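Below you'll find the structure, written out as structure tokens, and then a few comments.
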Number of protein chains: 2
Amino acid sequence: MLKEERQKTILTEVELHNRILLTDIADSLEVSVDTVRRDVKELDADKKLRKVHGGAISLGYTSQTTPNPNTYALREKTTIAEKAVSLLKEGSVIFIDGGTTCLELARLIPPHLKMSCFTLSLPVALELISKPNVESIFIGGRISREAQISTGARTVHDLSEIKVDYGFIGTGYVDALHGLTEFDWDIVQVKKAVINASKKSVLLCISEKLNSQHRYKTCDINAINTMITELDPANNLLNPFRNRDIHLL
Amino acid sequence: MLKEERQKTILTEVELHNRILLTDIADSLEVSVDTVRRDVKELDADKKLRKVHGGAISLGYTSQTTPNPNTYALREKTTIAEKAVSLLKEGSVIFIDGGTTCLELARLIPPHLKMSCFTLSLPVALELISKPNVESIFIGGRISREAQISTGARTVHDLSEIKVDYGFIGTGYVDALHGLTEFDWDIVQVKKAVINASKKSVLLCISEKLNSQHRYKTCDINAINTMITELDPANNLLNPFRNRDIHLL
DNA sequence: ATCAATTGTGCTGTTTTTTGCAATATATTA
DNA sequence: TAATATATTGCAAAAAACAGCACAATTGAT
């Protein structure tokens, strides 16, 4: 087998599977590992792939110098936020949860819209300040360093005294069977309170989180009135969530 | 499984859920915790995520508070903040007001210092988050768009229920005769409540504001225990404030 | 066609990297 | 404070990379 031929095969394999093991290739091409190593070395020098310890990785797979370190999956989250904004009406009283998706929602609130908006997220609150027609009320409490939101008994109690039209919430994990779950127990307590404080709960959730779960449960999936993902509501991935009294958007 | 693959998986998990446990990842990837720890360490060194005790958190959630170079009279305010920091002790419970001078104080809190810190200023709260040993409690309320702080009856009431060792406050205007005054009535109500909630009140005030006044009065100058300016305490400009039971710093 | 030079390939021994484990130190939590 | 969880360190085994070498295949010039 010629070198060219071999390298072409290697490249195809890499593109196909995003990654290869040198030993696998050597095996299937029936050459020594050294040969494959040399081939891969050349291909790496030609920037056709990236050589790593033990194998090679497709260039498309490797994250190129952190394109947007700010928000993961920003496009999807913006799509979700846009759908959520369509629910807002003049005079609405809403709640906006923490998290990057909810932050996008706050960002996309139209400047002319007159609303009252509760939140317990510092970044969301800062964003709301720039909306000239939004009255922002911050629910205080002990600030969680990681989530940058209020937590604790006081926060939960304060939430028990309000009732908003729409509560826009995020979640760490969601599953049709196990409902909304979180990594952090404190956060769960707060989210429970938020759902309680909302006439209608709207879940903002990128599809990547579907069918994932964790230790602590926030609520069953039925507790959610509307679920917004970046997907088309007819998408098959959303099938488990159909016929459960949930409005998919 | 290649190391790169593993690291990519870890990164995706972190960005998706904001936070992960090393043990969870080790479990799902079927490698030892040590390996995951080493991976996370590398990713942290590459600034792809932030490693914390027991896990890792997404960078999107660690808002890197950039020192604001646009602050007016930053040098003076930093000088004041440095003096204020010297009052802080391990285990102190303090309150930090809004405003750029107080924000400087928050910024200069030593990272090792274990404290509890109340505030009603969004920027101050965000700054406090980056202090690993400071417990931050935010006093909620209606957010003032201009001052970026909580205001209103609820805020005032909440303040009436706490008592801190030191209250570090700013003021719009100060005069030996007319005391602390403000432009905004709502702000005055809050500041009154803060002073009431403090065993000792510390005024942070650049010398430029000395001998100025405005419409609404916060308190007499006697209500202040310590007054910090960027000037030497012996400076003549401070003469009007001497012999009034005020400690000049 | 012959011979020397070049290139490609596999092999060997050595070095480096990766990984898991164990012992100890440190941090966190109750 | 004790008890538990997590970090750190050093170490050893395995895997992989590397360097050097031998040898075959190919090339190119005579």
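Ordering of the structure tokens sets the chain letters (A, B, ...); residue numbers start at 1 within each chain; ligands are numbered from 1 in the order shown.
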Can you check which residues of segment 9-106 of chain A DSSP gives as strand (DSSP E) on the backbone and send them as a ChimeraX atom specification? /A:19-21,50-52,55-57,93-96
Based on only C-alpha atoms (C1' of nucleotides), which of the residues in chain B come within 12 Å of chain C? I want them as an NGL selection string. :B and (1-3 or 31-39 or 52-54)
For chain A against chain B, which residues fall within 8 Å using only C-alpha atoms, given as a VMD selection string? chain A and resid 52 to 55 66 69 to 72 100 122 125 to 126 129 to 130 135 to 148 150 172 to 173 183 208 to 209
Pull out every residue of chain D that has at least one atom within 10 Å of chain B, counting only C-alpha atoms (C1' of nucleotides), and report them as a PyMOL selection string. chain D and resi 5-7
Could you please determine the separation between atom CA of Arg6 of chain A and atom CA of Val40 of chain A in Å, to one decimal place? 10.0 Å
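Fitted onto chain B by least squares over the complete set of C-alpha atoms, chain A shows an RMSD of 17.1 Å.
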Check the DSSP output for the backbone and give back, as a PyMOL selection string, the residues of segment 102-236 of chain A in helix (DSSP H, G or I). chain A and resi 102-108+122-129+153-159+185-196+207-209+221-223+236
Long-range neighbours of Arg75 of chain B as a PyMOL selection string, 12 Å cut-off, only C-alpha atoms (C1' of nucleotides), 3 positions minimum in chain: chain B and resi 68-72+78-82+100-101+104+206+229-231
So that I have them on file, write out the residues from the current selection with N, CA and C atoms, as a PDB file, in the first residue's frame.
```pdb
ATOM      1  N   ASN B  68     -12.817  49.337  36.770  1.00  0.00           N
ATOM      2  CA  ASN B  68     -13.360  50.389  35.926  1.00  0.00           C
ATOM      3  C   ASN B  68     -12.393  51.569  35.836  1.00  0.00           C
ATOM      4  N   PRO B  69     -11.822  51.774  34.663  1.00  0.00           N
ATOM      5  CA  PRO B  69     -10.851  52.853  34.522  1.00  0.00           C
ATOM      6  C   PRO B  69     -11.533  54.209  34.352  1.00  0.00           C
ATOM      7  N   ASN B  70     -12.857  54.179  34.190  1.00  0.00           N
ATOM      8  CA  ASN B  70     -13.571  55.437  33.939  1.00  0.00           C
ATOM      9  C   ASN B  70     -14.024  56.129  35.219  1.00  0.00           C
ATOM     10  N   THR B  71     -13.752  55.500  36.333  1.00  0.00           N
ATOM     11  CA  THR B  71     -14.189  56.101  37.586  1.00  0.00           C
ATOM     12  C   THR B  71     -13.518  57.461  37.795  1.00  0.00           C
ATOM     13  N   TYR B  72     -14.343  58.403  38.123  1.00  0.00           N
ATOM     14  CA  TYR B  72     -13.847  59.742  38.374  1.00  0.00           C
ATOM     15  C   TYR B  72     -13.005  59.756  39.646  1.00  0.00           C
ATOM     16  N   THR B  78      -9.390  55.193  45.631  1.00  0.00           N
ATOM     17  CA  THR B  78      -8.615  54.023  46.036  1.00  0.00           C
ATOM     18  C   THR B  78      -7.901  54.286  47.356  1.00  0.00           C
ATOM     19  N   THR B  79      -7.363  55.478  47.489  1.00  0.00           N
ATOM     20  CA  THR B  79      -6.713  55.850  48.747  1.00  0.00           C
ATOM     21  C   THR B  79      -7.689  55.710  49.910  1.00  0.00           C
ATOM     22  N   ILE B  80      -8.886  56.215  49.702  1.00  0.00           N
ATOM     23  CA  ILE B  80      -9.910  56.133  50.743  1.00  0.00           C
ATOM     24  C   ILE B  80     -10.233  54.679  51.062  1.00  0.00           C
ATOM     25  N   ALA B  81     -10.402  53.902  50.006  1.00  0.00           N
ATOM     26  CA  ALA B  81     -10.764  52.500  50.201  1.00  0.00           C
ATOM     27  C   ALA B  81      -9.675  51.766  50.976  1.00  0.00           C
ATOM     28  N   GLU B  82      -8.421  52.092  50.689  1.00  0.00           N
ATOM     29  CA  GLU B  82      -7.321  51.431  51.401  1.00  0.00           C
ATOM     30  C   GLU B  82      -7.383  51.731  52.898  1.00  0.00           C
ATOM     31  N   THR B 100     -19.162  54.666  43.711  1.00  0.00           N
ATOM     32  CA  THR B 100     -17.865  54.204  43.205  1.00  0.00           C
ATOM     33  C   THR B 100     -16.818  54.071  44.308  1.00  0.00           C
ATOM     34  N   THR B 101     -16.886  54.914  45.310  1.00  0.00           N
ATOM     35  CA  THR B 101     -15.899  54.804  46.386  1.00  0.00           C
ATOM     36  C   THR B 101     -16.099  53.507  47.160  1.00  0.00           C
ATOM     37  N   GLU B 104     -14.889  50.583  45.290  1.00  0.00           N
ATOM     38  CA  GLU B 104     -13.438  50.408  45.437  1.00  0.00           C
ATOM     39  C   GLU B 104     -13.109  49.644  46.717  1.00  0.00           C
ATOM     40  N   ILE B 206     -14.652  61.754  49.126  1.00  0.00           N
ATOM     41  CA  ILE B 206     -13.505  62.479  48.592  1.00  0.00           C
ATOM     42  C   ILE B 206     -13.614  63.951  48.973  1.00  0.00           C
ATOM     43  N   THR B 229     -11.277  60.475  54.177  1.00  0.00           N
ATOM     44  CA  THR B 229     -11.068  61.171  52.904  1.00  0.00           C
ATOM     45  C   THR B 229      -9.695  60.758  52.386  1.00  0.00           C
ATOM     46  N   GLU B 230      -9.350  61.231  51.217  1.00  0.00           N
ATOM     47  CA  GLU B 230      -8.031  60.890  50.691  1.00  0.00           C
ATOM     48  C   GLU B 230      -6.957  61.787  51.301  1.00  0.00           C
ATOM     49  N   LEU B 231      -7.386  62.773  52.091  1.00  0.00           N
ATOM     50  CA  LEU B 231      -6.437  63.730  52.659  1.00  0.00           C
ATOM     51  C   LEU B 231      -5.782  63.180  53.921  1.00  0.00           C
TER      52      LEU B 231
END
```
Residues near segment 162-164 of chain B, cut-off 10 Å, only C-alpha atoms (C1' of nucleotides), skip fewer than 2 positions along chain, as number ranges by chain: B: 92-95, 116-118, 157-160, 166-167, 193-201
How about saving the chosen residues, C-alpha atoms kept, as a tab-separated table (two decimals), in the first residue's frame?
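result.tsv was written with the following content:
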```tsv
chain	number	residue	atom	x	y	z
B	92	SER	CA	-16.39	41.40	60.87
B	93	VAL	CA	-19.95	41.92	59.78
B	94	ILE	CA	-20.14	45.02	57.67
B	95	PHE	CA	-22.35	46.89	55.29
B	116	SER	CA	-19.96	38.78	56.25
B	117	CYS	CA	-20.94	41.63	54.08
B	118	PHE	CA	-24.33	43.22	53.46
B	157	HIS	CA	-37.66	47.68	56.48
B	158	ASP	CA	-35.18	44.89	55.84
B	159	LEU	CA	-32.38	47.15	56.98
B	160	SER	CA	-34.22	47.78	60.23
B	166	TYR	CA	-19.37	48.84	60.47
B	167	GLY	CA	-21.50	50.56	57.90
B	193	ALA	CA	-31.79	53.01	57.46
B	194	VAL	CA	-28.21	51.96	56.80
B	195	ILE	CA	-26.86	54.30	59.46
B	196	ASN	CA	-29.45	52.93	61.86
B	197	ALA	CA	-28.36	49.42	61.07
B	198	SER	CA	-24.72	50.17	61.83
B	199	LYS	CA	-23.07	50.12	65.23
B	200	LYS	CA	-20.47	52.42	63.73
B	201	SER	CA	-20.91	54.47	60.59
```
Please measure the separation of atom CA of Cys219 of chain B and atom CA of Arg244 of chain B, giving the value in Å to one decimal. 14.1 Å
Spatial neighbours of Ser212 of chain A, 10 Å, only C-alpha atoms (C1' of nucleotides), chain gap at least 5 places, as a ChimeraX atom specification: /A:172-176,178-181
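Going from atom CA of Leu74 of chain B to atom CA of Leu103 of chain B covers 10.8 Å.
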Applying 12 Å and only C-alpha atoms (C1' of nucleotides), which residues near His247 of chain A remain after dropping the ones on its own chain fewer than 2 positions away? List them as JSON, numbers by chain. {"A": [200, 201, 202, 203, 221, 222, 223, 224, 225, 226, 227, 228, 229, 233, 234, 238, 241, 242, 243, 244, 245, 249]}
Store the residues of this selection in a file with N, CA and C atoms, as an mmCIF file, in the first residue's frame.
```
data_model
loop_
_atom_site.group_PDB
_atom_site.id
_atom_site.type_symbol
_atom_site.label_atom_id
_atom_site.label_comp_id
_atom_site.auth_asym_id
_atom_site.auth_seq_id
_atom_site.Cartn_x
_atom_site.Cartn_y
_atom_site.Cartn_z
ATOM 1 N N LYS A 200 -48.085 31.148 35.865
ATOM 2 C CA LYS A 200 -47.664 30.217 34.805
ATOM 3 C C LYS A 200 -46.143 30.147 34.791
ATOM 4 N N SER A 201 -45.651 28.923 34.745
ATOM 5 C CA SER A 201 -44.207 28.733 34.716
ATOM 6 C C SER A 201 -43.743 28.419 33.306
ATOM 7 N N VAL A 202 -42.754 29.135 32.863
ATOM 8 C CA VAL A 202 -42.203 28.922 31.529
ATOM 9 C C VAL A 202 -40.763 28.454 31.673
ATOM 10 N N LEU A 203 -40.515 27.271 31.148
ATOM 11 C CA LEU A 203 -39.164 26.721 31.244
ATOM 12 C C LEU A 203 -38.369 27.066 29.992
ATOM 13 N N ILE A 221 -42.396 17.487 35.675
ATOM 14 C CA ILE A 221 -42.486 18.209 34.406
ATOM 15 C C ILE A 221 -43.875 18.842 34.258
ATOM 16 N N ASN A 222 -44.871 18.292 34.931
ATOM 17 C CA ASN A 222 -46.237 18.831 34.856
ATOM 18 C C ASN A 222 -46.351 20.208 35.486
ATOM 19 N N ALA A 223 -45.446 20.527 36.370
ATOM 20 C CA ALA A 223 -45.506 21.824 37.028
ATOM 21 C C ALA A 223 -45.198 22.956 36.053
ATOM 22 N N ILE A 224 -44.676 22.581 34.897
ATOM 23 C CA ILE A 224 -44.330 23.576 33.886
ATOM 24 C C ILE A 224 -45.498 23.771 32.929
ATOM 25 N N ASN A 225 -45.835 25.010 32.645
ATOM 26 C CA ASN A 225 -46.930 25.278 31.722
ATOM 27 C C ASN A 225 -46.458 25.355 30.282
ATOM 28 N N THR A 226 -45.339 26.030 30.105
ATOM 29 C CA THR A 226 -44.792 26.192 28.762
ATOM 30 C C THR A 226 -43.319 25.853 28.770
ATOM 31 N N MET A 227 -42.928 25.130 27.745
ATOM 32 C CA MET A 227 -41.528 24.759 27.652
ATOM 33 C C MET A 227 -40.982 25.288 26.333
ATOM 34 N N ILE A 228 -39.901 26.043 26.436
ATOM 35 C CA ILE A 228 -39.316 26.649 25.241
ATOM 36 C C ILE A 228 -37.918 26.083 25.020
ATOM 37 N N THR A 229 -37.723 25.513 23.852
ATOM 38 C CA THR A 229 -36.379 25.113 23.457
ATOM 39 C C THR A 229 -36.048 25.832 22.147
ATOM 40 N N PRO A 233 -41.257 23.141 17.641
ATOM 41 C CA PRO A 233 -42.110 22.403 18.588
ATOM 42 C C PRO A 233 -42.487 21.013 18.079
ATOM 43 N N ALA A 234 -42.387 20.798 16.770
ATOM 44 C CA ALA A 234 -42.762 19.497 16.215
ATOM 45 C C ALA A 234 -41.609 18.502 16.242
ATOM 46 N N LEU A 238 -38.784 16.263 21.213
ATOM 47 C CA LEU A 238 -39.715 16.768 22.217
ATOM 48 C C LEU A 238 -40.873 15.812 22.471
ATOM 49 N N PHE A 241 -42.300 14.931 25.833
ATOM 50 C CA PHE A 241 -42.929 16.014 26.590
ATOM 51 C C PHE A 241 -44.330 16.339 26.083
ATOM 52 N N ARG A 242 -44.765 15.647 25.067
ATOM 53 C CA ARG A 242 -46.089 15.917 24.527
ATOM 54 C C ARG A 242 -47.181 15.284 25.404
ATOM 55 N N ASN A 243 -48.388 15.761 25.218
ATOM 56 C CA ASN A 243 -49.548 15.199 25.928
ATOM 57 C C ASN A 243 -49.339 15.162 27.433
ATOM 58 N N ARG A 244 -48.753 16.174 27.928
ATOM 59 C CA ARG A 244 -48.541 16.247 29.365
ATOM 60 C C ARG A 244 -49.009 17.613 29.871
ATOM 61 N N ASP A 245 -49.916 18.177 29.113
ATOM 62 C CA ASP A 245 -50.435 19.498 29.475
ATOM 63 C C ASP A 245 -49.369 20.576 29.374
ATOM 64 N N LEU A 249 -43.089 25.406 22.792
ATOM 65 C CA LEU A 249 -42.910 26.600 21.956
ATOM 66 C C LEU A 249 -41.533 26.553 21.315
#
```
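Using only C-alpha atoms for every distance, the candidate list B:Tyr216, B:Ile96, B:Glu42, B:Ile109 yields B:Tyr216 as the residue closest to Gln189 of chain B.
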